[in-house]
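Heads up, input_0.txt below (compact mmCIF, C-alpha atoms and all ligand atoms):
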```
# COMPACT_ATOMS: atom_id res chain seq x y z
CA MET O 1 11.45 -17.64 16.25
CA SER O 2 12.86 -19.40 13.19
CA ASN O 3 11.85 -18.47 9.69
CA PRO O 4 9.53 -20.87 7.81
CA ARG O 5 10.98 -23.16 5.13
CA SER O 6 10.28 -22.00 1.58
CA GLU O 7 8.99 -25.47 0.62
CA ASP O 8 6.34 -25.25 3.36
CA VAL O 9 4.91 -21.92 2.24
CA GLY O 10 3.98 -20.48 -1.13
CA PHE O 11 6.87 -17.97 -1.08
CA ASP O 12 10.65 -18.17 -1.50
CA VAL O 13 11.49 -17.11 2.07
CA ASP O 14 15.26 -17.52 1.60
CA ARG O 15 15.16 -15.13 -1.33
CA ILE O 16 13.09 -12.58 0.63
CA LEU O 17 15.64 -12.68 3.47
CA ARG O 18 18.59 -12.53 1.07
CA GLU O 19 17.38 -9.79 -1.28
CA THR O 20 15.45 -7.44 1.01
CA PHE O 21 15.94 -5.67 4.34
CA VAL O 22 13.50 -8.06 6.09
CA ALA O 23 15.12 -9.65 9.15
CA GLU O 24 12.42 -12.20 9.97
CA VAL O 25 9.44 -13.79 8.24
CA VAL O 26 6.40 -14.87 10.25
CA TYR O 27 4.10 -17.13 8.27
CA HIS O 28 0.48 -18.05 8.95
CA GLU O 29 -1.28 -20.43 6.58
CA THR O 30 -4.55 -18.67 7.49
CA VAL O 31 -4.92 -15.55 9.60
CA ASP O 32 -7.69 -13.04 10.29
CA SER O 33 -5.53 -10.07 9.33
CA THR O 34 -1.77 -9.83 8.80
CA ASN O 35 -1.89 -6.40 10.47
CA ASN O 36 -3.48 -7.97 13.58
CA ALA O 37 -0.83 -10.71 13.55
CA ALA O 38 1.97 -8.14 13.19
CA LEU O 39 0.57 -5.99 16.03
CA GLU O 40 0.38 -9.13 18.19
CA HIS O 41 3.93 -10.22 17.25
CA CYS O 42 5.21 -6.78 18.31
CA ARG O 43 4.15 -7.58 21.86
CA GLY O 44 6.76 -10.39 22.05
CA ASP O 45 10.19 -9.98 23.67
CA LYS O 46 12.54 -10.37 20.77
CA VAL O 47 11.14 -8.37 17.93
CA ARG O 48 13.44 -8.13 14.92
CA SER O 49 13.00 -5.14 12.65
CA PRO O 50 11.78 -5.14 9.99
CA PHE O 51 9.74 -8.33 10.18
CA LEU O 52 7.24 -9.53 7.65
CA VAL O 53 3.93 -11.28 8.29
CA LEU O 54 2.88 -13.39 5.33
CA THR O 55 -0.15 -15.54 4.75
CA SER O 56 -1.79 -17.48 1.98
CA ARG O 57 -5.28 -16.74 3.30
CA GLN O 58 -6.57 -13.73 5.20
CA THR O 59 -10.13 -14.14 6.53
CA SER O 60 -10.91 -10.64 7.93
CA GLY O 61 -8.56 -8.24 6.19
CA ARG O 62 -9.05 -4.69 7.39
CA GLY O 63 -9.11 -1.54 5.29
CA ARG O 64 -9.26 2.11 6.30
CA GLY O 65 -12.04 3.09 8.68
CA LYS O 66 -14.69 0.39 8.77
CA ASN O 67 -13.78 -1.00 5.36
CA LEU O 68 -12.90 -4.65 4.89
CA TRP O 69 -10.24 -5.94 2.54
CA TRP O 70 -11.37 -8.90 0.48
CA SER O 71 -8.48 -11.38 0.15
CA PRO O 72 -9.32 -13.98 -2.50
CA GLY O 73 -6.85 -16.72 -3.51
CA GLY O 74 -4.11 -15.34 -5.74
CA SER O 75 -4.03 -11.95 -4.04
CA LEU O 76 -0.97 -10.89 -2.07
CA THR O 77 -1.54 -9.75 1.50
CA PHE O 78 1.24 -8.97 3.94
CA SER O 79 2.34 -6.64 6.72
CA LEU O 80 5.79 -5.20 7.24
CA ALA O 81 6.54 -4.09 10.81
CA ILE O 82 9.41 -1.65 11.10
CA ASP O 83 11.15 0.20 13.90
CA ALA O 84 10.47 3.52 12.20
CA GLU O 85 12.36 5.60 14.76
CA GLY O 86 15.40 3.32 14.41
CA PHE O 87 15.13 3.64 10.62
CA GLY O 88 15.39 7.43 10.91
CA LEU O 89 11.69 8.18 10.69
CA PRO O 90 10.55 10.20 13.69
CA ALA O 91 6.81 10.39 14.42
CA GLU O 92 6.36 13.70 12.58
CA LEU O 93 7.18 11.91 9.31
CA TRP O 94 4.69 9.06 9.83
CA PRO O 95 1.77 10.87 8.14
CA LYS O 96 3.84 10.70 4.93
CA ALA O 97 4.54 6.96 5.26
CA SER O 98 1.34 5.97 3.44
CA LEU O 99 2.10 8.02 0.33
CA THR O 100 5.71 6.86 0.42
CA THR O 101 4.56 3.24 0.59
CA GLY O 102 2.10 3.90 -2.24
CA LEU O 103 4.92 5.35 -4.34
CA SER O 104 7.01 2.25 -3.54
CA VAL O 105 4.22 -0.02 -4.81
CA CYS O 106 3.87 2.13 -7.97
CA LEU O 107 7.60 1.88 -8.72
CA ALA O 108 7.70 -1.86 -7.99
CA ILE O 109 4.73 -2.56 -10.25
CA GLU O 110 6.17 -0.35 -13.00
CA SER O 111 9.38 -2.39 -12.83
CA LEU O 112 7.40 -5.61 -13.35
CA LEU O 113 5.24 -4.35 -16.19
CA ALA O 114 6.06 -3.11 -19.64
CA GLY O 115 5.00 -0.09 -21.69
CA ASP O 116 1.31 0.67 -21.86
CA GLU O 117 0.39 -1.92 -19.26
CA SER O 118 2.04 0.23 -16.66
CA LYS O 119 -0.41 3.07 -16.16
CA VAL O 120 0.25 2.94 -12.43
CA ALA O 121 -0.84 5.88 -10.28
CA LEU O 122 -1.02 6.94 -6.69
CA LYS O 123 -4.54 7.62 -5.51
CA TRP O 124 -4.25 9.89 -2.48
CA PRO O 125 -4.07 9.03 0.33
CA ASN O 126 -3.29 5.32 0.30
CA ASP O 127 -4.28 3.43 -2.84
CA VAL O 128 -2.48 2.42 -5.98
CA HIS O 129 -4.41 2.34 -9.23
CA LEU O 130 -3.59 0.50 -12.43
CA GLN O 131 -5.35 1.60 -15.63
CA GLY O 132 -7.74 3.68 -13.48
CA ARG O 133 -8.79 0.86 -11.15
CA LYS O 134 -7.74 -0.04 -7.64
CA LEU O 135 -4.85 -2.50 -7.59
CA CYS O 136 -3.59 -2.09 -4.05
CA GLY O 137 -4.68 -0.78 -0.66
CA ILE O 138 -2.42 0.26 2.20
CA LEU O 139 -3.22 0.39 5.90
CA ILE O 140 -0.54 1.77 8.23
CA GLU O 141 -0.96 1.41 11.98
CA VAL O 142 1.13 2.62 14.90
CA VAL O 143 1.98 -0.14 17.36
CA PRO O 144 0.53 0.94 20.73
CA ARG O 145 2.98 1.34 23.61
CA SER O 146 5.96 0.63 21.37
CA SER O 147 8.92 2.87 20.85
CA GLY O 148 8.36 3.82 17.27
CA MET O 149 7.14 0.66 15.53
CA LEU O 150 4.84 0.96 12.51
CA VAL O 151 2.88 -1.82 10.83
CA ILE O 152 2.56 -1.31 7.08
CA GLY O 153 -0.22 -3.54 5.75
CA ILE O 154 -0.44 -4.01 1.99
CA GLY O 155 -2.92 -5.86 -0.17
CA VAL O 156 -2.09 -6.23 -3.89
CA ASN O 157 -4.39 -7.91 -6.39
CA VAL O 158 -1.94 -10.14 -8.24
CA ASN O 159 -3.33 -13.40 -9.67
CA ASN O 160 -6.94 -13.00 -8.52
CA SER O 161 -9.46 -11.74 -11.05
CA PHE O 162 -12.44 -9.40 -11.01
CA VAL O 163 -13.65 -10.40 -14.48
CA GLU O 164 -16.46 -12.60 -13.15
CA GLU O 165 -17.43 -10.10 -10.45
CA PRO O 166 -20.47 -7.79 -10.67
CA CYS O 167 -20.02 -4.66 -12.84
CA GLU O 168 -19.93 -2.41 -9.80
CA LEU O 169 -16.75 -4.08 -8.48
CA LYS O 170 -15.24 -4.92 -11.86
CA SER O 171 -15.28 -1.26 -12.90
CA LYS O 172 -13.45 -0.19 -9.74
CA ALA O 173 -10.88 -2.91 -9.06
CA THR O 174 -8.24 -4.71 -11.07
CA SER O 175 -5.41 -7.17 -10.63
CA LEU O 176 -2.10 -7.71 -12.42
CA LEU O 177 -3.69 -10.75 -14.07
CA ASP O 178 -6.74 -8.79 -15.27
CA ALA O 179 -4.63 -5.89 -16.57
CA THR O 180 -2.01 -7.95 -18.39
CA GLY O 181 -3.48 -11.41 -18.99
CA ARG O 182 -0.36 -12.85 -17.32
CA ARG O 183 0.17 -14.59 -13.97
CA PHE O 184 2.94 -13.29 -11.72
CA ASN O 185 5.26 -15.01 -9.26
CA GLN O 186 4.18 -13.80 -5.79
CA THR O 187 7.79 -13.69 -4.50
CA ASP O 188 8.81 -11.51 -7.48
CA VAL O 189 6.05 -9.01 -6.65
CA LEU O 190 6.74 -9.10 -2.92
CA THR O 191 10.52 -8.64 -3.19
CA ALA O 192 10.09 -5.81 -5.73
CA VAL O 193 7.72 -4.01 -3.32
CA LEU O 194 9.93 -4.58 -0.26
CA LYS O 195 13.06 -3.30 -2.03
CA GLU O 196 11.23 -0.15 -3.09
CA ILE O 197 9.83 0.39 0.41
CA GLU O 198 13.37 0.34 1.81
CA ARG O 199 14.54 2.81 -0.89
CA GLN O 200 11.61 5.20 -0.60
CA LEU O 201 11.46 5.20 3.23
CA SER O 202 15.18 6.03 3.17
CA ARG O 203 14.41 8.98 0.89
CA LEU O 204 11.71 10.09 3.34
CA ALA O 205 14.17 9.77 6.25
CA SER O 206 16.79 11.85 4.43
CA ALA O 207 14.22 14.53 3.44
CA ASP O 208 14.89 13.93 -0.28
CA PRO O 209 13.09 16.82 -2.02
CA GLY O 210 12.52 14.63 -5.10
CA LEU O 211 10.08 12.45 -3.17
CA ALA O 212 7.27 15.01 -3.32
CA ALA O 213 7.91 15.47 -7.04
CA ASP O 214 7.46 11.73 -7.50
CA TRP O 215 4.14 11.77 -5.60
CA GLN O 216 3.06 14.64 -7.77
CA THR O 217 4.00 12.95 -11.07
CA ARG O 218 2.00 9.85 -10.15
CA CYS O 219 -1.02 11.60 -8.62
CA ALA O 220 -4.09 9.88 -10.14
CA LEU O 221 -6.39 12.78 -9.26
CA ARG O 222 -4.48 15.71 -10.76
CA GLY O 223 -6.62 17.79 -13.13
CA ARG O 224 -9.83 16.10 -12.06
CA THR O 225 -12.64 17.56 -9.99
CA VAL O 226 -12.78 15.71 -6.69
CA GLU O 227 -14.89 15.71 -3.58
CA VAL O 228 -13.18 14.80 -0.31
CA ASP O 229 -14.88 13.99 2.98
CA THR O 230 -12.49 15.19 5.67
CA GLY O 231 -14.63 13.89 8.52
CA LYS O 232 -15.69 17.42 9.47
CA ARG O 233 -16.75 18.73 6.07
CA ARG O 234 -16.75 18.01 2.36
CA ALA O 235 -14.38 19.90 0.11
CA THR O 236 -14.75 20.05 -3.67
CA GLY O 237 -12.34 21.45 -6.22
CA ILE O 238 -10.01 20.73 -9.10
CA CYS O 239 -7.09 18.68 -7.86
CA LEU O 240 -3.74 20.44 -8.30
CA GLY O 241 -1.85 17.40 -7.00
CA ILE O 242 -0.07 16.29 -3.82
CA ASP O 243 2.29 18.78 -2.21
CA GLU O 244 5.51 18.32 -0.21
CA ASP O 245 3.50 18.00 3.02
CA GLY O 246 1.65 15.01 1.57
CA ALA O 247 -1.56 17.07 1.39
CA LEU O 248 -3.99 16.90 -1.52
CA VAL O 249 -4.29 20.40 -2.96
CA LEU O 250 -7.64 21.49 -4.38
CA SER O 251 -8.34 24.63 -6.32
CA THR O 252 -11.63 25.75 -4.76
CA ASN O 253 -13.87 28.81 -5.16
CA ASN O 254 -12.05 30.19 -2.11
CA GLY O 255 -8.56 29.57 -3.51
CA PRO O 256 -6.15 26.64 -3.09
CA LYS O 257 -6.92 24.36 -0.16
CA GLN O 258 -4.64 21.75 1.42
CA ILE O 259 -6.37 18.57 2.62
CA PHE O 260 -4.33 16.52 5.06
CA GLY O 261 -6.64 13.56 5.54
CA GLY O 262 -9.95 12.21 4.33
CA THR O 263 -11.75 9.97 1.89
CA VAL O 264 -12.25 10.79 -1.75
CA THR O 265 -16.00 10.47 -2.29
CA GLY O 266 -16.34 11.71 -5.87
CA ILE O 267 -14.14 12.07 -8.97
CA TRP O 268 -15.10 13.74 -12.24
CA SER O 269 -12.92 14.07 -15.31
CA PRO O 270 -12.99 17.18 -17.50
CA GLY O 271 -15.91 16.68 -19.90
CA ASP O 272 -17.95 14.54 -17.48
CA GLY O 273 -20.19 17.55 -16.85
CA GLY O 274 -19.66 17.13 -13.11
C1 LIG H 301 -7.75 0.03 2.12
O1 LIG H 301 -7.83 -0.05 0.90
O2 LIG H 301 -8.63 0.60 2.81
C2 LIG H 301 -6.57 -0.58 2.82
C3 LIG H 301 -6.53 -2.07 2.63
C4 LIG H 301 -5.35 -2.72 3.32
C5 LIG H 301 -5.40 -4.22 3.21
C6 LIG H 301 -4.14 -4.88 3.73
S1 LIG H 301 -4.13 -6.60 3.33
C7 LIG H 301 -2.77 -6.85 4.39
C8 LIG H 301 -3.01 -6.00 5.62
N1 LIG H 301 -3.82 -6.72 6.59
C9 LIG H 301 -5.01 -6.15 6.78
O3 LIG H 301 -5.90 -6.56 7.55
N2 LIG H 301 -5.13 -5.05 6.01
C10 LIG H 301 -3.92 -4.82 5.23
```

Output the structure of this file as structure tokens.
Amino acid sequence: MSNPRSEDVGFDVDRILRETFVAEVVYHETVDSTNNAALEHCRGDKVRSPFLVLTSRQTSGRGRGKNLWWSPGGSLTFSLAIDAEGFGLPAELWPKASLTTGLSVCLAIESLLAGDESKVALKWPNDVHLQGRKLCGILIEVVPRSSGMLVIGIGVNVNNSFVEEPCELKSKATSLLDATGRRFNQTDVLTAVLKEIERQLSRLASADPGLAADWQTRCALRGRTVEVDTGKRRATGICLGIDEDGALVLSTNNGPKQIFGGTVTGIWSPGDGG
């Protein structure tokens, strides 16, 4: 399949191919979900890794569990499919891919922002927050019956705005436009994120011990009292951070507890009385 022409899509495809490790770009003007399209593309004969699925409009973006991902105009939604095994990431490292991708988004956004604007943090297990509100969601899926392909789906609120949205949403979500008052070039944001994903996944593959320290430094929940629904039970405690296994560590009445997966259902800051 040939790559789309930059003038036909809203992205500089030549630049993406030149500056990042992406080997192929698949473009859909409108698509239900870029993750679905990437999973489908993986079923073809000649799959080039990594390939990128891009769209200007996603109609049924998927989030974790049963969540949906709202994709208004101006937001950036894409999926990167990578031969993880071939990249040096055996299956036992895949549980850490979400945090590593989140760190990549944090670093990319930090590089695009200046000073105080850049209060970017990693909200375990797979969100990126800017100034305390959700900026980006990540959904990683294993390609069924493939030999080691992963689809990394990323939604970043770039030039869309939550200002006119109901308080409930506005207090929880933000975009680069809302946080800075500036509009961003989508290709700039995309290439910055892709370059960081290559760097950070390489660190994961080479067992770089500094990676866990970087998760820890950017952990949005550290020092706060959090409640996590693990699917089997709810755990509550003061968050001590994210450890080298990628687990959230809570200080509970029964001592420190590692949480490997779940949904954060409550967050209280010191002084909230919670
Ligand atoms: C979450 O916050 O629960 C994860 C949201 C992930 C959304 C992205 S948008 C691009 C890709 N395609 C999808 O259908 N989902 C991911």

Which residues are near ligand LIG 301 (chain H) - at most 7 Å, using only C-alpha atoms and all ligand atoms? Format: as a VMD selection string.
chain O and resid 33 to 36 60 to 64 67 69 77 to 79 127 136 to 139 153 to 155

Pick from O:Glu7, O:Pro50, O:Asp12, O:Asp178, whichever lies nearest to Glu164 (chain O) using only C-alpha atoms:
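Of the candidates, the smallest distance to Glu164 (chain O) is held by O:Asp178.
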
Long-range neighbours of Asn160 (chain O) as a CSV table (one decimal) with C-alpha atoms, keeping the file's coordinate frame, 7 Å cut-off, all atoms listed in the file, 3 positions minimum in chain:
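This went into result.csv:
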```
chain,number,residue,atom,x,y,z
O,72,PRO,CA,-9.3,-14.0,-2.5
O,73,GLY,CA,-6.8,-16.7,-3.5
O,74,GLY,CA,-4.1,-15.3,-5.7
O,75,SER,CA,-4.0,-12.0,-4.0
O,157,ASN,CA,-4.4,-7.9,-6.4
O,175,SER,CA,-5.4,-7.2,-10.6
O,177,LEU,CA,-3.7,-10.8,-14.1
```

Expressed in Å to a single decimal, how great is the separation between CA of Leu250 (chain O) and CA of Leu201 (chain O)?
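Spanning CA of Leu250 (chain O) to CA of Leu201 (chain O) is a straight-line distance of 26.2 Å.
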
How would you write as a PDB file with C-alpha atoms, in the coordinates of the input the residues that get within 12 Å of (-16.7, 21.2, -17.0) in the file's frame, counting all atoms listed in the file?
```
ATOM      1  CA  GLY O 223      -6.620  17.790 -13.130  1.00  0.00           C
ATOM      2  CA  ARG O 224      -9.830  16.100 -12.060  1.00  0.00           C
ATOM      3  CA  THR O 225     -12.640  17.560  -9.990  1.00  0.00           C
ATOM      4  CA  GLY O 237     -12.340  21.450  -6.220  1.00  0.00           C
ATOM      5  CA  ILE O 238     -10.010  20.730  -9.100  1.00  0.00           C
ATOM      6  CA  TRP O 268     -15.100  13.740 -12.240  1.00  0.00           C
ATOM      7  CA  SER O 269     -12.920  14.070 -15.310  1.00  0.00           C
ATOM      8  CA  PRO O 270     -12.990  17.180 -17.500  1.00  0.00           C
ATOM      9  CA  GLY O 271     -15.910  16.680 -19.900  1.00  0.00           C
ATOM     10  CA  ASP O 272     -17.950  14.540 -17.480  1.00  0.00           C
ATOM     11  CA  GLY O 273     -20.190  17.550 -16.850  1.00  0.00           C
ATOM     12  CA  GLY O 274     -19.660  17.130 -13.110  1.00  0.00           C
TER      13      GLY O 274
END
```

What's the separation between CA of Asp32 (chain O) and CA of Gly262 (chain O), in Å to one decimal place?
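A separation of 26.0 Å between them.
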
Got a minute to add N, CA and C atoms to region 173-194 of chain O and dump it as a compact mmCIF listing (two decimals), in the frame of the given file?
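The resulting file, out23.txt, is shown below:
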```txt
# COMPACT_ATOMS: atom_id res chain seq x y z
N ALA O 173 -12.07 -2.19 -9.53
CA ALA O 173 -10.88 -2.91 -9.06
C ALA O 173 -10.25 -3.70 -10.19
N THR O 174 -8.94 -3.89 -10.08
CA THR O 174 -8.24 -4.71 -11.07
C THR O 174 -7.12 -5.49 -10.39
N SER O 175 -6.55 -6.41 -11.13
CA SER O 175 -5.41 -7.17 -10.63
C SER O 175 -4.35 -7.17 -11.73
N LEU O 176 -3.14 -7.62 -11.38
CA LEU O 176 -2.10 -7.71 -12.42
C LEU O 176 -2.53 -8.67 -13.51
N LEU O 177 -3.21 -9.77 -13.08
CA LEU O 177 -3.69 -10.75 -14.07
C LEU O 177 -4.72 -10.12 -15.01
N ASP O 178 -5.70 -9.41 -14.43
CA ASP O 178 -6.74 -8.79 -15.27
C ASP O 178 -6.14 -7.76 -16.24
N ALA O 179 -5.17 -6.98 -15.75
CA ALA O 179 -4.63 -5.89 -16.57
C ALA O 179 -3.69 -6.38 -17.66
N THR O 180 -3.05 -7.53 -17.43
CA THR O 180 -2.01 -7.95 -18.39
C THR O 180 -2.31 -9.30 -19.05
N GLY O 181 -3.22 -10.07 -18.46
CA GLY O 181 -3.48 -11.41 -18.99
C GLY O 181 -2.39 -12.41 -18.58
N ARG O 182 -1.46 -11.96 -17.74
CA ARG O 182 -0.36 -12.85 -17.32
C ARG O 182 -0.44 -13.11 -15.82
N ARG O 183 0.07 -14.28 -15.39
CA ARG O 183 0.17 -14.59 -13.97
C ARG O 183 1.57 -14.19 -13.50
N PHE O 184 1.67 -13.77 -12.26
CA PHE O 184 2.94 -13.29 -11.72
C PHE O 184 3.39 -14.17 -10.56
N ASN O 185 4.70 -14.29 -10.40
CA ASN O 185 5.26 -15.01 -9.26
C ASN O 185 5.12 -14.10 -8.02
N GLN O 186 4.47 -14.64 -6.97
CA GLN O 186 4.18 -13.80 -5.79
C GLN O 186 5.48 -13.28 -5.14
N THR O 187 6.53 -14.14 -5.13
CA THR O 187 7.79 -13.69 -4.50
C THR O 187 8.42 -12.56 -5.31
N ASP O 188 8.28 -12.61 -6.64
CA ASP O 188 8.81 -11.51 -7.48
C ASP O 188 8.13 -10.19 -7.10
N VAL O 189 6.80 -10.24 -6.96
CA VAL O 189 6.05 -9.01 -6.65
C VAL O 189 6.44 -8.53 -5.25
N LEU O 190 6.45 -9.47 -4.31
CA LEU O 190 6.74 -9.10 -2.92
C LEU O 190 8.15 -8.51 -2.78
N THR O 191 9.15 -9.15 -3.36
CA THR O 191 10.52 -8.64 -3.19
C THR O 191 10.66 -7.27 -3.88
N ALA O 192 10.01 -7.11 -5.03
CA ALA O 192 10.09 -5.81 -5.73
C ALA O 192 9.49 -4.72 -4.83
N VAL O 193 8.37 -5.01 -4.18
CA VAL O 193 7.72 -4.01 -3.32
C VAL O 193 8.60 -3.73 -2.09
N LEU O 194 9.12 -4.77 -1.48
CA LEU O 194 9.93 -4.58 -0.26
C LEU O 194 11.20 -3.77 -0.55
```
